[in-house]
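my_file.txt, holding compact mmCIF, C-alpha atoms and all ligand atoms:
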```txt
# COMPACT_ATOMS: atom_id res chain seq x y z
CA HIS A 92 -44.25 -51.54 51.65
CA VAL A 93 -40.62 -52.14 50.67
CA VAL A 94 -37.71 -51.62 53.07
CA VAL A 95 -34.21 -51.25 51.65
CA VAL A 96 -31.24 -51.86 53.98
CA GLY A 97 -28.14 -50.48 52.35
CA SER A 98 -25.63 -47.86 51.35
CA ILE A 99 -25.91 -44.24 50.40
CA ASN A 100 -23.16 -42.02 49.09
CA MET A 101 -22.38 -39.00 47.00
CA ASP A 102 -20.97 -39.65 43.52
CA MET A 103 -18.49 -36.98 42.42
CA VAL A 104 -17.99 -37.37 38.71
CA SER A 105 -15.47 -35.53 36.54
CA HIS A 106 -15.45 -35.77 32.77
CA SER A 107 -12.19 -35.23 30.91
CA ARG A 108 -11.05 -36.17 27.43
CA ARG A 109 -8.90 -38.98 28.82
CA LEU A 110 -8.01 -40.26 32.28
CA PRO A 111 -4.96 -38.61 33.94
CA ALA A 112 -1.72 -40.54 34.31
CA PRO A 113 -0.35 -40.90 37.89
CA GLY A 114 0.96 -37.49 39.01
CA GLU A 115 -0.65 -35.65 36.11
CA THR A 116 -3.15 -32.77 36.35
CA LEU A 117 -5.65 -32.54 33.51
CA MET A 118 -8.21 -29.90 32.62
CA GLY A 119 -11.71 -31.35 32.88
CA GLU A 120 -14.76 -30.66 30.74
CA ALA A 121 -17.52 -31.08 33.32
CA PHE A 122 -18.26 -32.04 36.91
CA VAL A 123 -21.46 -33.54 38.32
CA MET A 124 -22.33 -34.43 41.90
CA ALA A 125 -25.23 -36.83 42.37
CA PRO A 126 -26.58 -39.08 45.12
CA GLY A 127 -25.78 -42.78 44.71
CA GLY A 128 -25.01 -45.99 46.58
CA LYS A 129 -26.76 -49.22 45.66
CA GLY A 130 -29.11 -49.00 48.65
CA ALA A 131 -30.27 -45.47 47.95
CA ASN A 132 -30.49 -46.17 44.21
CA GLN A 133 -32.76 -49.18 44.74
CA ALA A 134 -34.91 -47.24 47.22
CA VAL A 135 -35.36 -44.43 44.69
CA ALA A 136 -36.08 -46.88 41.86
CA ALA A 137 -38.89 -48.49 43.89
CA ALA A 138 -40.30 -45.14 45.06
CA ARG A 139 -40.46 -43.84 41.47
CA LEU A 140 -42.38 -46.99 40.50
CA GLY A 141 -44.99 -46.23 43.14
CA ALA A 142 -43.88 -48.37 46.08
CA ARG A 143 -43.97 -47.03 49.62
CA VAL A 144 -40.31 -47.28 50.60
CA GLY A 145 -38.48 -47.15 53.91
CA PHE A 146 -34.69 -46.93 53.99
CA VAL A 147 -32.42 -48.30 56.75
CA SER A 148 -28.91 -46.89 56.57
CA ARG A 149 -26.32 -44.75 58.37
CA VAL A 150 -25.37 -41.36 57.04
CA GLY A 151 -22.54 -39.18 58.25
CA THR A 152 -23.93 -35.65 58.19
CA ARG A 153 -20.58 -33.92 57.75
CA ALA A 154 -19.82 -32.47 54.31
CA HIS A 155 -22.46 -33.71 51.84
CA GLY A 156 -24.48 -35.91 54.19
CA ARG A 157 -27.35 -33.45 54.59
CA GLU A 158 -27.77 -33.14 50.84
CA LEU A 159 -28.12 -36.91 50.64
CA LEU A 160 -30.91 -36.85 53.23
CA ALA A 161 -32.66 -34.01 51.41
CA ALA A 162 -32.51 -35.95 48.15
CA LEU A 163 -34.17 -38.98 49.77
CA ALA A 164 -36.94 -36.80 51.17
CA GLU A 165 -37.52 -35.29 47.75
CA GLU A 166 -38.06 -38.80 46.34
CA GLY A 167 -40.61 -39.57 49.06
CA VAL A 168 -38.40 -42.24 50.69
CA ASP A 169 -39.14 -42.69 54.41
CA ALA A 170 -35.81 -42.05 56.15
CA ARG A 171 -36.92 -42.65 59.74
CA GLY A 172 -34.72 -45.77 59.71
CA VAL A 173 -31.64 -43.78 58.69
CA GLN A 174 -29.23 -43.14 61.57
CA GLN A 175 -27.59 -39.75 61.32
CA ASP A 176 -24.04 -39.54 62.59
CA GLU A 177 -22.81 -36.00 63.13
CA THR A 178 -19.23 -37.09 63.62
CA ALA A 179 -18.87 -39.10 60.41
CA LEU A 180 -18.45 -38.41 56.73
CA PRO A 181 -20.92 -39.98 54.31
CA GLY A 182 -19.75 -42.43 51.68
CA ILE A 183 -18.09 -40.77 48.69
CA ALA A 184 -17.35 -42.19 45.24
CA VAL A 185 -14.78 -40.24 43.26
CA ILE A 186 -15.37 -41.14 39.63
CA MET A 187 -13.32 -40.03 36.63
CA VAL A 188 -14.88 -40.60 33.22
CA ALA A 189 -12.98 -40.25 29.92
CA SER A 190 -15.19 -38.72 27.24
CA GLU A 191 -13.08 -40.44 24.56
CA GLY A 192 -13.80 -44.15 24.91
CA GLY A 193 -15.95 -43.91 28.05
CA GLU A 194 -13.39 -45.59 30.33
CA ASN A 195 -13.59 -44.75 34.01
CA SER A 196 -11.61 -44.98 37.25
CA ILE A 197 -13.36 -45.03 40.60
CA VAL A 198 -12.26 -44.67 44.22
CA TYR A 199 -15.01 -45.54 46.68
CA VAL A 200 -14.64 -44.41 50.30
CA PRO A 201 -17.45 -46.06 52.28
CA GLY A 202 -17.49 -43.56 55.19
CA SER A 203 -20.52 -44.08 57.43
CA ASN A 204 -21.77 -47.04 55.34
CA ALA A 205 -19.08 -49.20 56.95
CA GLN A 206 -20.51 -48.34 60.40
CA LEU A 207 -24.05 -49.67 59.90
CA LEU A 208 -24.63 -51.90 62.94
CA PRO A 209 -27.16 -54.58 63.88
CA ALA A 210 -28.31 -52.09 66.56
CA ASP A 211 -29.22 -49.59 63.82
CA VAL A 212 -31.33 -52.28 62.16
CA GLN A 213 -32.92 -53.21 65.51
CA ALA A 214 -33.93 -49.58 65.93
CA ALA A 215 -35.93 -49.87 62.69
CA ALA A 216 -37.66 -53.12 63.75
CA PRO A 217 -41.27 -51.83 63.48
CA LEU A 218 -40.60 -50.59 59.92
CA LEU A 219 -38.99 -53.90 58.90
CA GLN A 220 -41.56 -56.18 60.48
CA ALA A 221 -44.45 -54.36 58.79
CA ALA A 222 -42.84 -54.60 55.32
CA ARG A 223 -43.90 -56.92 52.51
CA VAL A 224 -40.37 -57.03 51.04
CA VAL A 225 -36.90 -56.33 52.49
CA VAL A 226 -34.00 -55.71 50.08
CA ALA A 227 -30.25 -55.53 50.81
CA GLN A 228 -26.99 -55.33 48.87
CA LEU A 229 -23.43 -56.00 50.05
CA GLU A 230 -22.17 -52.41 50.42
CA VAL A 231 -22.95 -52.41 54.16
CA PRO A 232 -21.63 -54.87 56.79
CA VAL A 233 -23.07 -58.40 56.65
CA PRO A 234 -24.01 -58.55 60.39
CA ALA A 235 -26.48 -55.68 59.84
CA ILE A 236 -28.04 -57.46 56.85
CA ARG A 237 -28.21 -60.73 58.75
CA CYS A 238 -30.10 -58.96 61.55
CA ALA A 239 -32.57 -57.48 59.04
CA PHE A 240 -33.12 -60.78 57.22
CA GLU A 241 -33.60 -62.75 60.45
CA MET A 242 -36.19 -60.22 61.57
CA ALA A 243 -37.87 -60.32 58.15
CA ARG A 244 -37.96 -64.10 58.05
CA ALA A 245 -39.54 -64.28 61.52
CA ALA A 246 -42.24 -61.83 60.38
CA GLY A 247 -42.95 -63.59 57.05
CA VAL A 248 -41.44 -60.74 54.98
CA ILE A 249 -39.95 -61.57 51.54
CA THR A 250 -36.13 -61.11 51.51
CA ILE A 251 -34.12 -60.10 48.43
CA LEU A 252 -30.32 -60.08 48.50
CA ASN A 253 -28.62 -58.30 45.63
CA ALA A 254 -25.14 -59.79 46.08
CA ALA A 255 -23.31 -56.77 44.71
CA PRO A 256 -20.40 -56.44 45.12
CA ALA A 257 -19.93 -60.24 45.25
CA LEU A 258 -18.21 -60.37 48.64
CA ALA A 259 -17.50 -63.88 49.92
CA GLU A 260 -18.80 -62.96 53.42
CA GLY A 261 -22.25 -62.54 51.90
CA ALA A 262 -22.54 -66.31 51.39
CA GLU A 263 -23.70 -66.80 54.98
CA LEU A 264 -26.91 -64.92 54.08
CA LEU A 265 -28.02 -67.39 51.38
CA PRO A 266 -30.16 -69.56 53.70
CA LEU A 267 -32.06 -66.41 54.73
CA CYS A 268 -32.86 -65.30 51.15
CA ASP A 269 -36.10 -65.74 49.28
CA TRP A 270 -34.47 -64.10 46.25
CA LEU A 271 -30.80 -63.89 45.32
CA VAL A 272 -30.22 -61.39 42.50
CA LEU A 273 -26.85 -60.86 40.85
CA ASN A 274 -25.32 -60.12 37.48
CA GLU A 275 -23.31 -62.62 35.43
CA THR A 276 -19.93 -61.66 36.82
CA GLU A 277 -21.16 -61.62 40.42
CA ALA A 278 -22.91 -64.98 39.96
CA ALA A 279 -19.71 -66.61 38.74
CA GLN A 280 -17.64 -65.07 41.56
CA PHE A 281 -20.20 -65.93 44.20
CA ALA A 282 -20.57 -69.52 42.95
CA GLY A 283 -16.80 -69.88 42.46
CA LEU A 284 -17.29 -70.83 38.80
CA ALA A 285 -15.99 -69.52 35.49
CA VAL A 286 -17.50 -66.35 33.98
CA GLY A 287 -18.75 -67.03 30.48
CA GLY A 288 -21.89 -67.36 28.39
CA LEU A 289 -25.38 -68.62 29.10
CA ALA A 290 -24.24 -72.15 29.99
CA GLU A 291 -21.92 -70.80 32.72
CA ALA A 292 -24.65 -68.50 34.05
CA GLU A 293 -27.04 -71.47 34.22
CA ALA A 294 -24.49 -73.54 36.11
CA ALA A 295 -23.86 -70.69 38.56
CA ALA A 296 -27.61 -70.13 39.08
CA GLN A 297 -28.19 -73.79 39.83
CA ALA A 298 -25.21 -74.03 42.18
CA LEU A 299 -26.44 -70.96 44.11
CA LEU A 300 -30.03 -72.24 44.25
CA ALA A 301 -28.78 -75.34 46.05
CA ARG A 302 -27.39 -73.10 48.82
CA GLY A 303 -30.76 -71.87 50.10
CA PRO A 304 -32.57 -69.15 48.14
CA ARG A 305 -36.02 -69.95 46.74
CA GLN A 306 -35.31 -67.99 43.55
CA VAL A 307 -31.99 -67.11 41.97
CA LEU A 308 -32.04 -64.45 39.31
CA VAL A 309 -28.95 -63.80 37.18
CA THR A 310 -29.16 -60.60 35.14
CA LEU A 311 -27.53 -60.79 31.72
CA GLY A 312 -27.52 -57.14 30.56
CA ALA A 313 -29.14 -56.69 27.14
CA GLN A 314 -29.85 -60.44 26.98
CA GLY A 315 -32.25 -60.28 29.91
CA ALA A 316 -32.34 -62.45 32.99
CA LEU A 317 -32.16 -66.08 33.98
CA LEU A 318 -34.63 -67.20 36.65
CA ALA A 319 -33.87 -70.41 38.55
CA ASP A 320 -36.27 -71.94 41.04
CA ALA A 321 -37.65 -75.34 42.03
CA ALA A 322 -39.53 -75.52 38.71
CA GLY A 323 -36.31 -75.17 36.67
CA LEU A 324 -34.60 -72.47 34.62
CA GLN A 325 -36.15 -69.87 32.35
CA LEU A 326 -34.63 -67.06 30.31
CA LEU A 327 -36.66 -63.85 30.37
CA PRO A 328 -35.43 -61.70 27.48
CA ALA A 329 -34.76 -57.95 27.97
CA ARG A 330 -36.69 -55.34 26.02
CA ALA A 331 -34.80 -54.17 22.94
CA VAL A 332 -33.79 -50.54 23.47
CA LYS A 333 -30.95 -48.30 22.37
CA ALA A 334 -28.68 -48.25 25.42
CA VAL A 335 -27.14 -44.86 26.23
CA ASP A 336 -25.82 -45.46 29.78
CA THR A 337 -26.17 -48.84 31.46
CA VAL A 338 -24.73 -47.76 34.84
CA GLY A 339 -27.41 -48.47 37.45
CA ALA A 340 -29.38 -50.94 35.30
CA GLY A 341 -29.15 -53.55 38.05
CA ASP A 342 -30.31 -51.11 40.75
CA THR A 343 -33.35 -50.06 38.71
CA PHE A 344 -34.12 -53.72 38.04
CA VAL A 345 -33.97 -54.68 41.74
CA GLY A 346 -36.16 -51.70 42.69
CA GLY A 347 -38.73 -52.84 40.14
CA LEU A 348 -38.60 -56.46 41.24
CA ALA A 349 -39.16 -55.44 44.88
CA THR A 350 -42.04 -53.18 43.88
CA GLY A 351 -43.73 -55.96 41.93
CA LEU A 352 -43.35 -58.49 44.75
CA ALA A 353 -44.69 -55.96 47.27
CA GLU A 354 -47.75 -55.56 45.04
CA GLY A 355 -48.30 -59.33 45.16
CA MET A 356 -47.14 -60.08 41.59
CA SER A 357 -45.91 -63.56 40.65
CA PRO A 358 -42.12 -63.98 40.36
CA VAL A 359 -42.18 -63.74 36.55
CA GLU A 360 -44.46 -60.67 36.54
CA ALA A 361 -42.24 -58.93 39.10
CA VAL A 362 -39.12 -59.71 37.04
CA ARG A 363 -40.84 -58.23 33.98
CA LEU A 364 -41.64 -55.03 35.90
CA GLY A 365 -37.95 -54.75 36.85
CA GLN A 366 -36.90 -55.36 33.25
CA ALA A 367 -39.31 -52.77 31.86
CA ALA A 368 -38.00 -50.15 34.30
CA ALA A 369 -34.34 -51.04 33.62
CA ALA A 370 -34.87 -50.84 29.84
CA ILE A 371 -36.05 -47.23 30.19
CA ALA A 372 -33.22 -46.37 32.60
CA VAL A 373 -30.50 -47.61 30.22
CA SER A 374 -31.94 -45.53 27.38
CA ARG A 375 -31.10 -42.32 29.32
CA SER A 376 -27.93 -41.02 30.94
CA GLY A 377 -27.46 -40.83 34.70
CA VAL A 378 -28.31 -43.29 37.47
CA GLN A 379 -31.11 -42.06 39.77
CA SER A 380 -32.00 -39.32 37.29
CA ALA A 381 -32.63 -41.97 34.58
CA MET A 382 -35.04 -44.10 36.65
CA PRO A 383 -38.60 -44.06 35.28
CA ARG A 384 -41.87 -43.30 37.02
CA ARG A 385 -44.61 -45.93 36.90
CA SER A 386 -46.65 -43.89 34.40
CA GLU A 387 -43.85 -44.23 31.83
CA LEU A 388 -44.11 -48.02 31.88
CA GLN A 389 -47.50 -48.38 30.22
CA PRO A 390 -47.10 -50.44 27.01
P1 LIG A 401 -25.85 -54.69 36.37
O1 LIG A 401 -26.14 -53.24 36.17
O2 LIG A 401 -26.01 -55.10 37.81
O3 LIG A 401 -24.58 -55.19 35.76
P2 LIG A 401 -27.29 -55.88 34.13
O4 LIG A 401 -26.41 -55.11 33.21
O5 LIG A 401 -27.30 -57.35 34.01
O6 LIG A 401 -27.04 -55.49 35.66
O7 LIG A 401 -28.78 -55.32 33.90
C1 LIG A 401 -29.87 -55.59 34.75
C2 LIG A 401 -31.13 -55.68 33.91
O8 LIG A 401 -31.32 -54.44 33.21
C3 LIG A 401 -31.10 -56.74 32.80
O9 LIG A 401 -31.56 -57.99 33.27
C4 LIG A 401 -32.03 -56.15 31.75
O10 LIG A 401 -33.39 -56.46 32.01
C5 LIG A 401 -31.81 -54.65 31.91
N1 LIG A 401 -30.82 -54.17 30.93
C6 LIG A 401 -29.49 -53.98 31.11
N2 LIG A 401 -28.88 -53.58 29.97
C7 LIG A 401 -29.85 -53.50 29.04
C8 LIG A 401 -29.88 -53.15 27.65
N3 LIG A 401 -28.77 -52.79 27.01
N4 LIG A 401 -31.08 -53.20 27.01
C9 LIG A 401 -32.23 -53.54 27.67
N5 LIG A 401 -32.25 -53.90 28.96
C10 LIG A 401 -31.10 -53.88 29.64
```
Would you mind writing the file's structure down as structure tokens?
Amino acid sequence: HVVVVGSINMDMVSHSRRLPAPGETLMGEAFVMAPGGKGANQAVAAARLGARVGFVSRVGTRAHGRELLAALAEEGVDARGVQQDETALPGIAVIMVASEGGENSIVYVPGSNAQLLPADVQAAAPLLQAARVVVAQLEVPVPAIRCAFEMARAAGVITILNAAPALAEGAELLPLCDWLVLNETEAAQFAGLAVGGLAEAEAAAQALLARGPRQVLVTLGAQGALLADAAGLQLLPARAVKAVDTVGAGDTFVGGLATGLAEGMSPVEAVRLGQAAAAIAVSRSGVQSAMPRRSELQP
């Protein structure tokens, strides 16, 4: 099975014609509340694709926390590794979207995600050690991820770090990664190189590969993904689809990659599973609600 160690939060999204100016009150057109957080998103993506998924996280059960737990259960994600904190608020993302032009402004309040401790990860040791693949992102504290990856490594479990957001503290995890997955911007930031075209992405991938991971995968949006490993570099093109909403493409991709690796696929096959799932997700609006089930992936 796959174990995801990461964040969970509620996204609160308002849609208005334009974004308000400081101090201004605007009438909105719509409001949607939906579960999010890179950790929860990747867990749901993998579960929809047929993986057995365990989630290790910390959720404040005040306010909307219980709804977040109910949503995980509905997706069939095993939440025994989720610590529930009755005194804390869950993570909340307040998102304003302008219907004219699609611009957005976001305030992210991490809440209980910032309190995930190595001890919480230790408590989920049996789940982690029995996994085939462990996945983490950088929306929870690095010491917790380090604890999970050290445990995974000792048990021969494949580790995937999705270095999003590209926090500098995450660099200490590179020697513990089998896979490092990041988008173009994150790859450049993480490698300390210029953001640019394919040549810059290749340089970043190679620089990051030298720092420990066995595979570095740089996602390039509609262009696809660049895979770097000991054998060299290869560009795996994305499927051509009409993109409607690309938010969450990376999370769907990582969920698919983890699912493929847990099924014993080769690196390239697992990347293709992630790409096929992400192509469907970007052709629909929403994040978790746009993620496909395995049955939709047949050619
Ligand atoms: P992120 O959401 O982290 O910025 P990307 O935008 O690079 O990640 O997308 C991740 C993967 O999703 C890509 O490698 C690609 O396979 C797929 N994808 C993203 N955008 C598109 C698109 N417009 N058309 C087809 N596939 C896409």
- Message: Which residues are close to A:Phe281, i.e. within 10 Å by all atoms listed in the file, leaving aside same-chain residues fewer than 6 positions away? Reply as an NGL selection string.
- Response: :A and (254-262 or 273 or 275 or 295-296 or 298-299)
Next, write the just-selected residues to a file, as an mmCIF file, in the coordinates of the input, keeping C-alpha atoms as the atom set.
```
data_model
loop_
_atom_site.group_PDB
_atom_site.id
_atom_site.type_symbol
_atom_site.label_atom_id
_atom_site.label_comp_id
_atom_site.auth_asym_id
_atom_site.auth_seq_id
_atom_site.Cartn_x
_atom_site.Cartn_y
_atom_site.Cartn_z
ATOM 1 C CA ALA A 254 -25.140 -59.790 46.080
ATOM 2 C CA ALA A 255 -23.310 -56.770 44.710
ATOM 3 C CA PRO A 256 -20.400 -56.440 45.120
ATOM 4 C CA ALA A 257 -19.930 -60.240 45.250
ATOM 5 C CA LEU A 258 -18.210 -60.370 48.640
ATOM 6 C CA ALA A 259 -17.500 -63.880 49.920
ATOM 7 C CA GLU A 260 -18.800 -62.960 53.420
ATOM 8 C CA GLY A 261 -22.250 -62.540 51.900
ATOM 9 C CA ALA A 262 -22.540 -66.310 51.390
ATOM 10 C CA LEU A 273 -26.850 -60.860 40.850
ATOM 11 C CA GLU A 275 -23.310 -62.620 35.430
ATOM 12 C CA ALA A 295 -23.860 -70.690 38.560
ATOM 13 C CA ALA A 296 -27.610 -70.130 39.080
ATOM 14 C CA ALA A 298 -25.210 -74.030 42.180
ATOM 15 C CA LEU A 299 -26.440 -70.960 44.110
#
```
- Which residue out of A:Ala137, A:Leu229, A:Leu324, A:Met242 has the minimum interatomic distance to A:Gln379 when all atoms listed in the file are used? A:Ala137
- Write out as a VMD selection string the residues lying within 8 Å of A:Arg385, counting all atoms listed in the file and excluding same-chain residues fewer than 2 positions away. chain A and resid 139 to 141 383 387 to 389
With C-alpha atoms retained, could you export that selection as a compact mmCIF listing (two decimals), in the frame of the given file?
```
# COMPACT_ATOMS: atom_id res chain seq x y z
CA ARG A 139 -40.46 -43.84 41.47
CA LEU A 140 -42.38 -46.99 40.50
CA GLY A 141 -44.99 -46.23 43.14
CA PRO A 383 -38.60 -44.06 35.28
CA GLU A 387 -43.85 -44.23 31.83
CA LEU A 388 -44.11 -48.02 31.88
CA GLN A 389 -47.50 -48.38 30.22
```
- Exercise: A:Asn132 partners within 12 Å, only C-alpha atoms, chain neighbours under 2 positions left out, as a ChimeraX atom specification: /A:95-102,125-130,134-139,144,146,159,162-163,166,168,226-228,338-347,372,377-382
- Message: Applying 9 Å and all atoms listed in the file, which residues near A:Asp169 remain after dropping the ones on its own chain fewer than 2 positions away? List them as number ranges by chain.
- Response: A: 143-146, 163-164, 167, 171-173
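Neighbouring residues of ligand LIG 401 (chain A) at a cut-off of 6 Å, counting only C-alpha atoms and all ligand atoms, are Asn274, Thr310, Leu311, Gly312, Ala313, Gly315, Ala316, Ala329, Arg330, Ala331, Val332, Ala334, Thr337, Val338, Gly339, Ala340, Gly341, Phe344, Gln366, Ala369 and Ala370 of chain A.
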Residue subset to file, keeping C-alpha atoms, as a JSON list (two decimals), in the coordinates of the input:
```json
[["chain", "number", "residue", "atom", "x", "y", "z"],
["A", 274, "ASN", "CA", -25.32, -60.12, 37.48],
["A", 310, "THR", "CA", -29.16, -60.60, 35.14],
["A", 311, "LEU", "CA", -27.53, -60.79, 31.72],
["A", 312, "GLY", "CA", -27.52, -57.14, 30.56],
["A", 313, "ALA", "CA", -29.14, -56.69, 27.14],
["A", 315, "GLY", "CA", -32.25, -60.28, 29.91],
["A", 316, "ALA", "CA", -32.34, -62.45, 32.99],
["A", 329, "ALA", "CA", -34.76, -57.95, 27.97],
["A", 330, "ARG", "CA", -36.69, -55.34, 26.02],
["A", 331, "ALA", "CA", -34.80, -54.17, 22.94],
["A", 332, "VAL", "CA", -33.79, -50.54, 23.47],
["A", 334, "ALA", "CA", -28.68, -48.25, 25.42],
["A", 337, "THR", "CA", -26.17, -48.84, 31.46],
["A", 338, "VAL", "CA", -24.73, -47.76, 34.84],
["A", 339, "GLY", "CA", -27.41, -48.47, 37.45],
["A", 340, "ALA", "CA", -29.38, -50.94, 35.30],
["A", 341, "GLY", "CA", -29.15, -53.55, 38.05],
["A", 344, "PHE", "CA", -34.12, -53.72, 38.04],
["A", 366, "GLN", "CA", -36.90, -55.36, 33.25],
["A", 369, "ALA", "CA", -34.34, -51.04, 33.62],
["A", 370, "ALA", "CA", -34.87, -50.84, 29.84]]
```
Can stretch 107-122 of chain A be brought up to N, CA and C atoms and written out as a CSV table (one decimal), in the coordinates of the input?
```
chain,number,residue,atom,x,y,z
A,107,SER,N,-13.3,-35.8,31.6
A,107,SER,CA,-12.2,-35.2,30.9
A,107,SER,C,-12.0,-36.0,29.6
A,108,ARG,N,-11.2,-35.5,28.7
A,108,ARG,CA,-11.0,-36.2,27.4
A,108,ARG,C,-10.5,-37.6,27.6
A,109,ARG,N,-9.5,-37.7,28.5
A,109,ARG,CA,-8.9,-39.0,28.8
A,109,ARG,C,-8.7,-39.0,30.3
A,110,LEU,N,-8.3,-40.2,30.9
A,110,LEU,CA,-8.0,-40.3,32.3
A,110,LEU,C,-6.6,-39.7,32.5
A,111,PRO,N,-6.3,-39.1,33.7
A,111,PRO,CA,-5.0,-38.6,33.9
A,111,PRO,C,-4.0,-39.8,34.3
A,112,ALA,N,-2.8,-39.6,33.9
A,112,ALA,CA,-1.7,-40.5,34.3
A,112,ALA,C,-1.4,-40.2,35.8
A,113,PRO,N,-0.7,-41.2,36.5
A,113,PRO,CA,-0.4,-40.9,37.9
A,113,PRO,C,0.5,-39.6,37.9
A,114,GLY,N,0.2,-38.7,38.8
A,114,GLY,CA,1.0,-37.5,39.0
A,114,GLY,C,0.6,-36.4,38.1
A,115,GLU,N,-0.3,-36.6,37.1
A,115,GLU,CA,-0.6,-35.6,36.1
A,115,GLU,C,-1.9,-34.9,36.5
A,116,THR,N,-1.9,-33.6,36.2
A,116,THR,CA,-3.2,-32.8,36.4
A,116,THR,C,-3.7,-32.5,35.0
A,117,LEU,N,-5.0,-32.8,34.8
A,117,LEU,CA,-5.6,-32.5,33.5
A,117,LEU,C,-6.7,-31.5,33.7
A,118,MET,N,-7.0,-30.8,32.6
A,118,MET,CA,-8.2,-29.9,32.6
A,118,MET,C,-9.4,-30.8,32.3
A,119,GLY,N,-10.5,-30.6,33.1
A,119,GLY,CA,-11.7,-31.4,32.9
A,119,GLY,C,-12.7,-30.6,32.1
A,120,GLU,N,-13.7,-31.3,31.6
A,120,GLU,CA,-14.8,-30.7,30.7
A,120,GLU,C,-16.0,-30.4,31.5
A,121,ALA,N,-16.3,-31.2,32.5
A,121,ALA,CA,-17.5,-31.1,33.3
A,121,ALA,C,-17.4,-31.8,34.6
A,122,PHE,N,-18.2,-31.4,35.6
A,122,PHE,CA,-18.3,-32.0,36.9
A,122,PHE,C,-19.7,-32.2,37.3
```
